[in-house]
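The data block below is work.txt; it holds compact mmCIF, C-alpha atoms.
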```txt
# COMPACT_ATOMS: atom_id res chain seq x y z
CA MET A 9 0.00 0.00 0.00
CA ALA A 10 1.59 3.12 -1.12
CA SER A 11 0.96 6.45 0.45
CA ALA A 12 1.86 9.84 -0.90
CA LEU A 13 2.62 13.10 0.84
CA ILE A 14 1.96 16.28 -1.12
CA ASN A 15 2.78 19.80 -0.07
CA VAL A 16 1.01 22.55 -2.03
CA PRO A 17 0.01 25.93 -0.57
CA PRO A 18 -3.80 25.84 -0.13
CA ARG A 19 -4.25 29.37 -1.46
CA ALA A 20 -2.21 31.60 -3.72
CA ARG A 21 -2.40 34.88 -5.59
CA ARG A 22 -3.08 34.71 -9.33
CA GLY A 23 0.18 34.43 -11.25
CA GLU A 24 2.20 33.48 -8.19
CA ILE A 25 4.82 30.76 -8.62
CA ILE A 26 4.05 28.00 -6.13
CA GLU A 27 6.37 25.25 -5.00
CA VAL A 28 5.02 21.70 -5.17
CA LYS A 29 6.71 18.96 -3.14
CA THR A 30 5.77 15.31 -3.43
CA LEU A 31 6.93 12.21 -1.62
CA ILE A 32 5.66 8.69 -2.17
CA SER A 33 6.53 5.52 -0.34
CA HIS A 34 8.10 2.99 -2.71
CA PRO A 35 11.18 0.74 -2.39
CA MET A 36 12.55 1.64 -5.89
CA GLU A 37 14.25 -1.76 -6.17
CA THR A 38 17.05 -1.20 -8.70
CA GLY A 39 17.26 -4.66 -10.25
CA TYR A 40 21.03 -4.70 -9.69
CA ARG A 41 21.04 -6.03 -6.13
CA ARG A 42 21.30 -9.71 -5.22
CA SER A 43 19.55 -11.57 -2.43
CA GLN A 44 21.52 -13.59 0.13
CA LEU A 45 21.13 -16.65 -2.13
CA GLY A 46 22.79 -14.78 -4.99
CA ALA A 47 19.68 -14.42 -7.11
CA LEU A 48 19.10 -11.08 -8.78
CA ILE A 49 16.23 -9.17 -7.16
CA PRO A 50 13.95 -8.10 -10.03
CA ARG A 51 13.53 -4.42 -10.77
CA ASP A 52 10.54 -2.69 -9.21
CA ILE A 53 10.56 1.07 -9.70
CA ILE A 54 8.25 3.98 -10.40
CA ARG A 55 8.89 4.93 -13.99
CA LEU A 56 6.71 7.96 -14.52
CA PHE A 57 5.36 10.87 -12.50
CA VAL A 58 2.90 13.30 -14.05
CA CYS A 59 1.29 16.43 -12.59
CA THR A 60 -1.77 17.97 -14.20
CA TYR A 61 -3.35 21.32 -13.27
CA ASN A 62 -7.09 21.32 -14.05
CA GLY A 63 -6.47 18.66 -16.71
CA THR A 64 -3.44 20.34 -18.34
CA GLU A 65 -0.10 18.63 -17.91
CA VAL A 66 2.38 20.99 -16.25
CA PHE A 67 5.18 18.64 -15.18
CA ARG A 68 6.42 15.15 -15.92
CA ALA A 69 9.39 13.13 -14.67
CA GLU A 70 10.75 9.89 -16.11
CA LEU A 71 12.49 8.00 -13.32
CA HIS A 72 15.26 5.40 -13.52
CA PRO A 73 16.69 3.03 -10.87
CA ALA A 74 19.12 5.76 -9.74
CA ILE A 75 16.30 7.59 -7.96
CA ALA A 76 16.42 6.99 -4.21
CA ALA A 77 13.78 4.90 -2.43
CA ASN A 78 10.62 6.82 -1.55
CA PRO A 79 10.96 9.24 -4.47
CA PHE A 80 10.89 12.91 -3.54
CA ILE A 81 10.18 15.34 -6.36
CA ALA A 82 9.92 19.10 -5.98
CA PHE A 83 9.04 21.52 -8.76
CA SER A 84 7.14 24.74 -9.30
CA THR A 85 4.10 25.88 -11.21
CA VAL A 86 2.20 29.13 -11.80
CA ALA A 87 -1.08 29.46 -9.90
CA THR A 88 -3.38 30.33 -12.80
CA GLU A 89 -6.86 29.48 -11.49
CA SER A 90 -8.66 27.72 -8.67
CA GLY A 91 -9.00 24.00 -9.14
CA THR A 92 -7.14 20.78 -8.53
CA LEU A 93 -3.60 19.63 -8.96
CA ALA A 94 -3.65 15.92 -9.83
CA PHE A 95 -0.63 13.67 -9.39
CA GLN A 96 -0.10 10.27 -10.97
CA TRP A 97 2.71 7.80 -10.30
CA THR A 98 3.03 4.70 -12.50
CA GLY A 99 5.61 1.97 -12.40
CA ASP A 100 6.60 -1.68 -12.64
CA ASN A 101 4.29 -4.52 -11.58
CA GLY A 102 1.18 -2.46 -12.29
CA PHE A 103 2.02 0.20 -9.72
CA SER A 104 -0.33 3.15 -10.06
CA VAL A 105 -1.25 5.79 -7.51
CA ALA A 106 -3.27 8.94 -8.09
CA GLU A 107 -3.67 11.83 -5.67
CA SER A 108 -5.14 15.29 -6.01
CA VAL A 109 -4.99 18.52 -4.04
CA ALA A 110 -7.33 21.51 -4.22
CA ILE A 111 -5.94 25.03 -4.59
CA THR A 112 -7.73 28.35 -4.26
CA VAL A 113 -6.42 31.20 -6.39
CA GLU A 114 -7.58 34.72 -5.68
CA MET B 16 85.83 19.65 -23.93
CA LYS B 17 83.29 18.68 -21.35
CA ARG B 18 80.13 20.75 -21.58
CA ARG B 19 78.21 21.16 -18.35
CA THR B 20 74.51 21.93 -18.32
CA SER B 21 74.05 25.31 -16.75
CA ARG B 22 71.42 25.89 -14.10
CA ARG B 23 69.50 28.10 -16.52
CA GLN B 24 69.42 25.46 -19.25
CA PHE B 25 68.31 22.82 -16.79
CA LEU B 26 65.45 24.93 -15.48
CA LEU B 27 64.30 25.76 -18.98
CA ALA B 28 64.29 22.10 -19.98
CA ALA B 29 62.53 21.01 -16.78
CA GLY B 30 59.90 23.71 -17.16
CA GLY B 31 59.27 22.71 -20.74
CA ALA B 32 58.89 19.06 -19.81
CA ALA B 33 56.52 19.89 -16.97
CA GLY B 34 54.49 22.11 -19.26
CA PHE B 35 54.24 19.38 -21.84
CA GLY B 36 53.19 16.88 -19.18
CA LEU B 37 50.51 19.19 -17.84
CA ALA B 38 49.21 19.91 -21.34
CA SER B 39 48.85 16.22 -22.11
CA VAL B 40 47.03 15.59 -18.82
CA LEU B 41 44.62 18.45 -19.53
CA ARG B 42 43.96 17.14 -23.00
CA VAL B 43 43.25 13.61 -21.75
CA LYS B 44 41.07 14.64 -18.84
CA PRO B 45 37.68 15.22 -20.55
CA ALA B 46 37.72 11.71 -21.98
CA ARG B 47 38.39 10.18 -18.58
CA ALA B 48 35.88 12.27 -16.66
CA THR B 49 33.04 11.35 -19.00
CA PRO B 50 33.05 7.62 -19.73
CA ALA B 51 31.63 6.24 -22.94
CA ALA B 52 28.33 4.97 -21.56
CA MET B 53 27.37 8.39 -20.27
CA GLN B 54 28.44 10.07 -23.51
CA GLU B 55 26.30 7.60 -25.41
CA ALA B 56 23.28 8.28 -23.19
CA ILE B 57 23.79 12.02 -23.63
CA ARG B 58 24.09 11.58 -27.41
CA LYS B 59 20.80 9.71 -27.40
CA VAL B 60 19.11 12.72 -25.82
CA VAL B 61 20.78 15.61 -27.64
CA GLY B 62 21.22 13.94 -31.02
CA SER B 63 23.75 15.77 -33.17
CA ALA B 64 23.27 19.12 -31.41
CA SER B 65 26.22 20.58 -29.54
CA VAL B 66 26.03 20.99 -25.77
CA ASN B 67 27.09 24.34 -24.31
CA THR B 68 28.35 24.82 -20.79
CA GLY B 69 26.58 27.26 -18.50
CA LYS B 70 23.10 28.58 -17.67
CA LEU B 71 22.38 25.44 -15.70
CA LYS B 72 23.24 25.10 -12.02
CA LEU B 73 23.50 21.61 -10.54
CA GLU B 74 23.60 21.48 -6.76
CA LEU B 75 24.89 18.37 -5.01
CA PRO B 76 26.73 18.03 -1.70
CA PRO B 77 30.49 17.71 -2.41
CA LEU B 78 30.88 14.94 0.18
CA VAL B 79 28.22 12.28 0.68
CA GLU B 80 28.25 9.75 3.50
CA ASN B 81 25.42 7.63 2.16
CA GLY B 82 24.99 7.25 -1.58
CA ASN B 83 21.49 5.81 -1.18
CA ALA B 84 19.82 9.22 -0.95
CA VAL B 85 21.72 12.23 -2.24
CA PRO B 86 19.79 15.51 -2.50
CA LEU B 87 20.02 16.96 -6.01
CA ALA B 88 18.73 20.32 -7.21
CA VAL B 89 18.87 21.71 -10.73
CA SER B 90 18.05 25.28 -11.65
CA VAL B 91 18.30 27.05 -14.99
CA GLU B 92 18.37 30.78 -15.71
CA SER B 93 15.35 31.20 -17.94
CA PRO B 94 12.44 33.66 -18.13
CA MET B 95 10.09 30.65 -18.66
CA THR B 96 7.85 32.41 -21.17
CA ALA B 97 5.95 30.71 -23.99
CA THR B 98 8.70 31.61 -26.48
CA ASP B 99 11.74 31.13 -24.24
CA HIS B 100 11.57 28.34 -21.69
CA VAL B 101 13.26 25.16 -20.53
CA SER B 102 11.49 22.14 -22.00
CA ALA B 103 13.49 19.33 -20.40
CA ILE B 104 16.18 18.64 -17.82
CA HIS B 105 18.11 15.36 -17.89
CA VAL B 106 20.53 14.03 -15.28
CA PHE B 107 23.32 11.52 -16.00
CA THR B 108 25.98 9.76 -13.94
CA GLU B 109 29.20 8.19 -15.17
CA LYS B 110 29.72 5.32 -12.72
CA ASN B 111 26.25 4.12 -11.76
CA PRO B 112 25.19 0.80 -13.37
CA GLN B 113 23.02 2.86 -15.73
CA PRO B 114 23.95 6.38 -16.89
CA ASP B 115 20.38 7.73 -16.90
CA VAL B 116 19.07 9.11 -13.62
CA VAL B 117 15.98 11.14 -14.37
CA SER B 118 14.36 13.25 -17.08
CA PHE B 119 12.09 16.15 -16.17
CA ARG B 120 9.73 17.68 -18.72
CA LEU B 121 8.51 21.16 -17.99
CA GLY B 122 7.17 24.17 -19.82
CA PRO B 123 6.16 27.80 -19.43
CA ARG B 124 3.56 26.75 -16.83
CA ALA B 125 6.39 25.93 -14.41
CA GLY B 126 7.10 29.63 -13.82
CA ARG B 127 10.62 28.90 -12.70
CA ALA B 128 13.06 26.29 -14.01
CA GLY B 129 13.98 24.59 -10.76
CA VAL B 130 13.55 20.97 -9.72
CA ALA B 131 14.79 18.86 -6.81
CA THR B 132 14.89 15.16 -6.01
CA ARG B 133 17.04 12.55 -4.28
CA ILE B 134 19.27 10.19 -6.20
CA ARG B 135 21.49 7.14 -5.67
CA LEU B 136 25.22 7.29 -6.35
CA ALA B 137 27.24 4.09 -6.70
CA ASP B 138 30.68 5.67 -6.48
CA THR B 139 32.69 8.85 -6.26
CA GLN B 140 31.97 10.43 -9.61
CA THR B 141 30.85 13.38 -11.68
CA VAL B 142 27.14 13.99 -12.20
CA VAL B 143 26.05 15.86 -15.31
CA ALA B 144 22.78 17.68 -15.91
CA ILE B 145 21.67 18.84 -19.36
CA CYS B 146 18.75 21.11 -20.11
CA GLU B 147 16.96 21.61 -23.39
CA LEU B 148 15.62 25.07 -24.17
CA SER B 149 12.61 25.83 -26.34
CA ASP B 150 14.92 27.12 -29.10
CA GLY B 151 16.48 23.65 -29.35
CA SER B 152 19.82 24.45 -27.70
CA PHE B 153 21.32 22.32 -24.95
CA TRP B 154 23.18 23.56 -21.85
CA SER B 155 25.01 21.48 -19.31
CA GLY B 156 26.38 21.71 -15.80
CA SER B 157 28.23 19.18 -13.70
CA ALA B 158 29.20 18.47 -10.11
CA ALA B 159 31.84 16.19 -8.63
CA VAL B 160 30.71 14.15 -5.64
CA VAL B 161 32.79 12.09 -3.20
CA VAL B 162 30.76 9.12 -1.92
CA THR B 163 31.92 7.18 1.14
CA LEU B 164 29.12 4.58 1.28
CA ALA B 165 28.00 3.46 -2.15
CA ALA B 166 24.43 2.73 -3.13
CA CYS B 167 23.20 -0.20 -5.24
CA LEU B 168 25.73 -2.78 -4.03
CA GLU B 169 25.11 -3.26 -0.33
CA GLU B 170 22.36 -5.41 1.11
CA SER B 171 19.85 -3.08 2.71
```
The structure given in the file should be rewritten as structure tokens.
Amino acid sequence: MASALINVPPRARRGEIIEVKTLISHPMETGYRRSQLGALIPRDIIRLFVCTYNGTEVFRAELHPAIAANPFIAFSTVATESGTLAFQWTGDNGFSVAESVAITVE
Amino acid sequence: MKRRTSRRQFLLAAGGAAGFGLASVLRVKPARATPAAMQEAIRKVVGSASVNTGKLKLELPPLVENGNAVPLAVSVESPMTATDHVSAIHVFTEKNPQPDVVSFRLGPRAGRAGVATRIRLADTQTVVAICELSDGSFWSGSAAVVVTLAACLEES
């Protein structure tokens, strides 16, 4: 069960640049490590992170095994209008988590 | 007649040799600091375009105790308007098992070209970040990191 932490200011002035910070719990298994029996542990990572603002994509990140466990991603966006910021993480083994946060722009 | 090397001649010769040695080291260095796998990965992203140095600032701690989670921040000087903005930022390493680390895609809606994440580093190495601007040019920045505990290899 994955859980995500998202930090977005709840309200902002129109045109203000807001900082978005996201953290999701995930082991990000690289696929290069071996178990104690010497067998390769299969890769299990989040491959894609997408942020949409009222349905328009504003940010996307393609992740590789070199991203640390529990991926933290911080970026910025312009507060254009009130609405929702939706976040989507997708990865190996059918991993898919969606979260959304409301923002009020005045 | 026995000809002795004067002090002046000796110093001139020694200086010349040292200069030559230094020049050859400087010429060899770029090839060693950027191994082939990383160059290939960068080529795949930039194609035949040339990569300029500057504009992009890559922030990494110079000394890392634990390579499993290294804070990384990339910022680019850009007005981030519809006609002049950063469209992508890519990060590469030279000694991790895989040269690719992460690719960020952004646009004028970002407001500011700055991203942050945490990465794994397998060894003491140079990390390179490359950004693509909306006019199609590429800019790069790099940072050398000393890692005391490597990621990827240890049992967790």
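The closest residue to Gly156 (chain B), picked from B:Thr68, B:Gln24, B:Thr108, B:Ser93 and counting only C-alpha atoms, is B:Thr68.
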Polymer residues at most 6 Å from Arg68 (chain A), only C-alpha atoms, same-chain spacing of 5 or more positions, as a ChimeraX atom specification: /A:57-58 /B:119-120
Just to be explicit: take each residue in the selection above, keep C-alpha atoms, and write the result as a PDB file, keeping the file's coordinate frame.
```
ATOM      1  CA  PHE A  57       5.360  10.870 -12.500  1.00  0.00           C
ATOM      2  CA  VAL A  58       2.900  13.300 -14.050  1.00  0.00           C
TER       3      VAL A  58
ATOM      4  CA  PHE B 119      12.090  16.150 -16.170  1.00  0.00           C
ATOM      5  CA  ARG B 120       9.730  17.680 -18.720  1.00  0.00           C
TER       6      ARG B 120
END
```
Can I get the residues of chain A within 6 Å of chain B, each with the closest pair of atoms and their distance in Å to one decimal, using all atoms listed in the file, sorted chain first then ascending number, as a tab-separated table?
```
residue	atom	partner	partner_atom	distance
A:Ile25	CA	B:Gly126	CA	5.8
A:Val66	CA	B:Arg124	CA	5.9
A:Phe67	CA	B:Leu121	CA	5.0
A:Arg68	CA	B:Arg120	CA	5.0
A:Ala69	CA	B:Phe119	CA	4.3
A:Glu70	CA	B:Ser118	CA	5.0
A:Leu71	CA	B:Val117	CA	4.8
A:His72	CA	B:Val116	CA	5.3
A:Ala74	CA	B:Arg135	CA	4.9
A:Ile75	CA	B:Ile134	CA	4.3
A:Ala76	CA	B:Ile134	CA	4.7
A:Phe80	CA	B:Thr132	CA	5.2
A:Ile81	CA	B:Thr132	CA	4.7
A:Ala82	CA	B:Ala131	CA	4.9
A:Phe83	CA	B:Val130	CA	4.6
A:Ser84	CA	B:Ala125	CA	5.3
A:Thr85	CA	B:Ala125	CA	3.9
A:Val86	CA	B:Gly126	CA	5.3
```
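Separating CA of Met53 (chain B) from CA of Ser157 (chain B) is a distance of 12.7 Å.
For the choices B:Val106, B:Val61, B:Val160, B:Leu75, the atom-to-atom distance to Val143 (chain B) is smallest for B:Val106 when using all atoms listed in the file.
Going from CA of Ser90 (chain A) to CA of Ser104 (chain A) covers 26.0 Å.
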Using the file's own x, y and z axes, what box holds all listed atoms of region 35-47 of chain A with 3 Å on each side, keeping edges along x, y and z, and what are its centre and edge lengths in Å to one decimal, as JSON?
```
{"center_x": 17.0, "center_y": -7.5, "center_z": -5.1, "size_x": 17.6, "size_y": 24.3, "size_z": 16.4}
```
Selected residue, from A:Thr64, A:Trp97, A:Leu45, A:Glu37, that lies nearest to Ala12 (chain A) when counting only C-alpha atoms: A:Trp97
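One finds CA of Thr60 (chain A) at 11.9 Å from CA of Val28 (chain A).
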Proximity to Trp154 (chain B) - best of B:Pro76, B:Ser21, B:Asn81, B:Glu92, only C-alpha atoms: B:Glu92
Output region 17-42 of chain A as a PDB file, in the coordinates of the input, making sure N, CA and C atoms are there.
```
ATOM      1  N   PRO A  17       0.707  24.903  -1.356  1.00  0.00           N
ATOM      2  CA  PRO A  17       0.010  25.930  -0.570  1.00  0.00           C
ATOM      3  C   PRO A  17      -1.485  25.915  -0.878  1.00  0.00           C
ATOM      4  N   PRO A  18      -2.364  25.944   0.121  1.00  0.00           N
ATOM      5  CA  PRO A  18      -3.800  25.840  -0.130  1.00  0.00           C
ATOM      6  C   PRO A  18      -4.383  27.028  -0.880  1.00  0.00           C
ATOM      7  N   ARG A  19      -3.773  28.203  -0.699  1.00  0.00           N
ATOM      8  CA  ARG A  19      -4.250  29.370  -1.460  1.00  0.00           C
ATOM      9  C   ARG A  19      -3.063  30.179  -1.967  1.00  0.00           C
ATOM     10  N   ALA A  20      -3.296  30.836  -3.100  1.00  0.00           N
ATOM     11  CA  ALA A  20      -2.210  31.600  -3.720  1.00  0.00           C
ATOM     12  C   ALA A  20      -2.810  32.756  -4.495  1.00  0.00           C
ATOM     13  N   ARG A  21      -1.976  33.760  -4.752  1.00  0.00           N
ATOM     14  CA  ARG A  21      -2.400  34.880  -5.590  1.00  0.00           C
ATOM     15  C   ARG A  21      -2.289  34.468  -7.050  1.00  0.00           C
ATOM     16  N   ARG A  22      -3.119  35.045  -7.911  1.00  0.00           N
ATOM     17  CA  ARG A  22      -3.080  34.710  -9.330  1.00  0.00           C
ATOM     18  C   ARG A  22      -1.715  35.083  -9.918  1.00  0.00           C
ATOM     19  N   GLY A  23      -1.121  34.161 -10.633  1.00  0.00           N
ATOM     20  CA  GLY A  23       0.180  34.430 -11.250  1.00  0.00           C
ATOM     21  C   GLY A  23       1.364  34.132 -10.358  1.00  0.00           C
ATOM     22  N   GLU A  24       1.099  33.778  -9.118  1.00  0.00           N
ATOM     23  CA  GLU A  24       2.200  33.480  -8.190  1.00  0.00           C
ATOM     24  C   GLU A  24       2.828  32.129  -8.561  1.00  0.00           C
ATOM     25  N   ILE A  25       4.145  32.035  -8.378  1.00  0.00           N
ATOM     26  CA  ILE A  25       4.820  30.760  -8.620  1.00  0.00           C
ATOM     27  C   ILE A  25       4.785  29.966  -7.319  1.00  0.00           C
ATOM     28  N   ILE A  26       4.140  28.804  -7.341  1.00  0.00           N
ATOM     29  CA  ILE A  26       4.050  28.000  -6.130  1.00  0.00           C
ATOM     30  C   ILE A  26       4.970  26.796  -6.222  1.00  0.00           C
ATOM     31  N   GLU A  27       5.470  26.391  -5.075  1.00  0.00           N
ATOM     32  CA  GLU A  27       6.370  25.250  -5.000  1.00  0.00           C
ATOM     33  C   GLU A  27       5.546  24.006  -4.648  1.00  0.00           C
ATOM     34  N   VAL A  28       5.743  22.952  -5.409  1.00  0.00           N
ATOM     35  CA  VAL A  28       5.020  21.700  -5.170  1.00  0.00           C
ATOM     36  C   VAL A  28       6.047  20.652  -4.760  1.00  0.00           C
ATOM     37  N   LYS A  29       5.785  20.006  -3.609  1.00  0.00           N
ATOM     38  CA  LYS A  29       6.710  18.960  -3.140  1.00  0.00           C
ATOM     39  C   LYS A  29       5.925  17.674  -2.988  1.00  0.00           C
ATOM     40  N   THR A  30       6.462  16.594  -3.534  1.00  0.00           N
ATOM     41  CA  THR A  30       5.770  15.310  -3.430  1.00  0.00           C
ATOM     42  C   THR A  30       6.722  14.236  -2.927  1.00  0.00           C
ATOM     43  N   LEU A  31       6.155  13.332  -2.157  1.00  0.00           N
ATOM     44  CA  LEU A  31       6.930  12.210  -1.620  1.00  0.00           C
ATOM     45  C   LEU A  31       6.013  11.006  -1.636  1.00  0.00           C
ATOM     46  N   ILE A  32       6.493   9.891  -2.149  1.00  0.00           N
ATOM     47  CA  ILE A  32       5.660   8.690  -2.170  1.00  0.00           C
ATOM     48  C   ILE A  32       6.471   7.522  -1.636  1.00  0.00           C
ATOM     49  N   SER A  33       5.793   6.657  -0.898  1.00  0.00           N
ATOM     50  CA  SER A  33       6.530   5.520  -0.340  1.00  0.00           C
ATOM     51  C   SER A  33       6.619   4.409  -1.380  1.00  0.00           C
ATOM     52  N   HIS A  34       7.859   4.031  -1.704  1.00  0.00           N
ATOM     53  CA  HIS A  34       8.100   2.990  -2.710  1.00  0.00           C
ATOM     54  C   HIS A  34       9.534   2.526  -2.547  1.00  0.00           C
ATOM     55  N   PRO A  35       9.806   1.205  -2.616  1.00  0.00           N
ATOM     56  CA  PRO A  35      11.180   0.740  -2.390  1.00  0.00           C
ATOM     57  C   PRO A  35      12.155   1.093  -3.511  1.00  0.00           C
ATOM     58  N   MET A  36      11.681   1.343  -4.728  1.00  0.00           N
ATOM     59  CA  MET A  36      12.550   1.640  -5.890  1.00  0.00           C
ATOM     60  C   MET A  36      13.669   0.590  -5.996  1.00  0.00           C
ATOM     61  N   GLU A  37      13.276  -0.674  -6.057  1.00  0.00           N
ATOM     62  CA  GLU A  37      14.250  -1.760  -6.170  1.00  0.00           C
ATOM     63  C   GLU A  37      14.970  -1.639  -7.515  1.00  0.00           C
ATOM     64  N   THR A  38      16.318  -1.561  -7.481  1.00  0.00           N
ATOM     65  CA  THR A  38      17.050  -1.200  -8.700  1.00  0.00           C
ATOM     66  C   THR A  38      17.106  -2.300  -9.750  1.00  0.00           C
ATOM     67  N   GLY A  39      17.060  -3.569  -9.308  1.00  0.00           N
ATOM     68  CA  GLY A  39      17.260  -4.660 -10.250  1.00  0.00           C
ATOM     69  C   GLY A  39      18.719  -5.033 -10.401  1.00  0.00           C
ATOM     70  N   TYR A  40      19.600  -4.380  -9.628  1.00  0.00           N
ATOM     71  CA  TYR A  40      21.030  -4.700  -9.690  1.00  0.00           C
ATOM     72  C   TYR A  40      21.500  -5.392  -8.410  1.00  0.00           C
ATOM     73  N   ARG A  41      20.621  -5.440  -7.393  1.00  0.00           N
ATOM     74  CA  ARG A  41      21.040  -6.030  -6.130  1.00  0.00           C
ATOM     75  C   ARG A  41      20.753  -7.536  -6.145  1.00  0.00           C
ATOM     76  N   ARG A  42      21.509  -8.271  -5.326  1.00  0.00           N
ATOM     77  CA  ARG A  42      21.300  -9.710  -5.220  1.00  0.00           C
ATOM     78  C   ARG A  42      20.811 -10.047  -3.821  1.00  0.00           C
TER      79      ARG A  42
END
```
